[in-house]
Each structure stands twice: as C-alpha cells, then as structure tokens.
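**Q** Sending over a structure as structure tokens; questions will come in a sec.
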Amino acid sequence: MTRNLNRRVEILFPILENDLHDRVLSMFYTLWNDNVKTRILHDQKYRRINRRNQAPRSAQHIFMLEANEAKQRDQAYKVQQQTQTFKPLTNHNQTNFFGGK
C-alpha cells in the first residue's frame, strides 16, 4: 500500500498542561517501543522489524490494559462516592432525640 505524502495536512500545536504533556509523551514512547506491529519502510516495502532476543511489546495491548485499569479506578471511585452519600433516617418509628415518638 502506498502512502499519501504529497497531499496531506499535518497540524502542530503546543500542549500547555503538564499532565497532558506527560501523557502524550508516554503514549508516543509506548508507540515508538512497540515491536509487535511495527513495520519499517525499506525499498518501497514495509517489513517487520527484527525482534530477536526482545520481549514482545504491543502498544495496543498496553493501551487496552491502561484503559481497563482506568475503568476499574472509575468504578471504584463511583462506589466510594455512593457509600459516602448522606442518607437520612426514614424509619419514623424510632425514638427521637427528646425521647418521644
């Protein structure tokens, strides 16, 4: 498959938020170190990289693990928020503060 290198538009913009900047760099680092799906263009053909003596590192697998961890953290946070919600007493048969009903 040929690539369109002549009529493409690329956009650059600064990432000003430090946490987002670090996250983007982390994503690029993960992609650059992927050795499972990586192909290198050589003589007009894309070829797999030689990964002998290297542990497989799949960016897709890493991103899926991170997404699942984020989902679990989000669900745990929601459960924590639900348990901390104020629930007034609704049993009117209980004795009130002054001893009456």
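By order in the structure tokens, chains are A, B, ...; within a chain, residues start at 1; ligands start at 1, following the order shown.
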Using DSSP on the backbone coordinates, identify the residues of range 16-81 of chain A assigned to strand (DSSP E or B); present them as a list in words.
**A**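 DSSP-assigned strand (DSSP E or B) residues in range 16-81 of chain A: Arg39, Ile40, Leu41, His42, Lys45, Tyr46, Arg47 and Arg48 of chain A.
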**Q** Kindly save the residues from that selection, with C-alpha atoms included, as a PDB file, in the first residue's frame.
**A**
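That gives us selection_33.pdb:
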ATOM      1  CA  ARG A  39       6.886  -2.071  10.230  1.00  0.00           C
ATOM      2  CA  ILE A  40       9.835  -0.273   8.644  1.00  0.00           C
ATOM      3  CA  LEU A  41       9.744   1.124   5.123  1.00  0.00           C
ATOM      4  CA  HIS A  42      12.721  -0.177   3.164  1.00  0.00           C
ATOM      5  CA  LYS A  45       8.171  -2.162   1.063  1.00  0.00           C
ATOM      6  CA  TYR A  46       7.069  -2.306   4.662  1.00  0.00           C
ATOM      7  CA  ARG A  47       8.826  -5.040   6.606  1.00  0.00           C
ATOM      8  CA  ARG A  48       8.543  -6.289  10.145  1.00  0.00           C
TER       9      ARG A  48
END
**Q** Separation of CA of Met27 in chain A and CA of Ile62 in chain A, in Å?
**A**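 Atom-to-atom, CA of Met27 in chain A and CA of Ile62 in chain A are spaced 9.8 Å apart.
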**Q** Quick one: everything within 8 Å of Ala59 in chain A, counting only C-alpha atoms, minus sequence neighbours fewer than 2 positions away in the same chain. Send it as a ChimeraX atom specification.
**A** /A:30-31,33-34,57,61-63
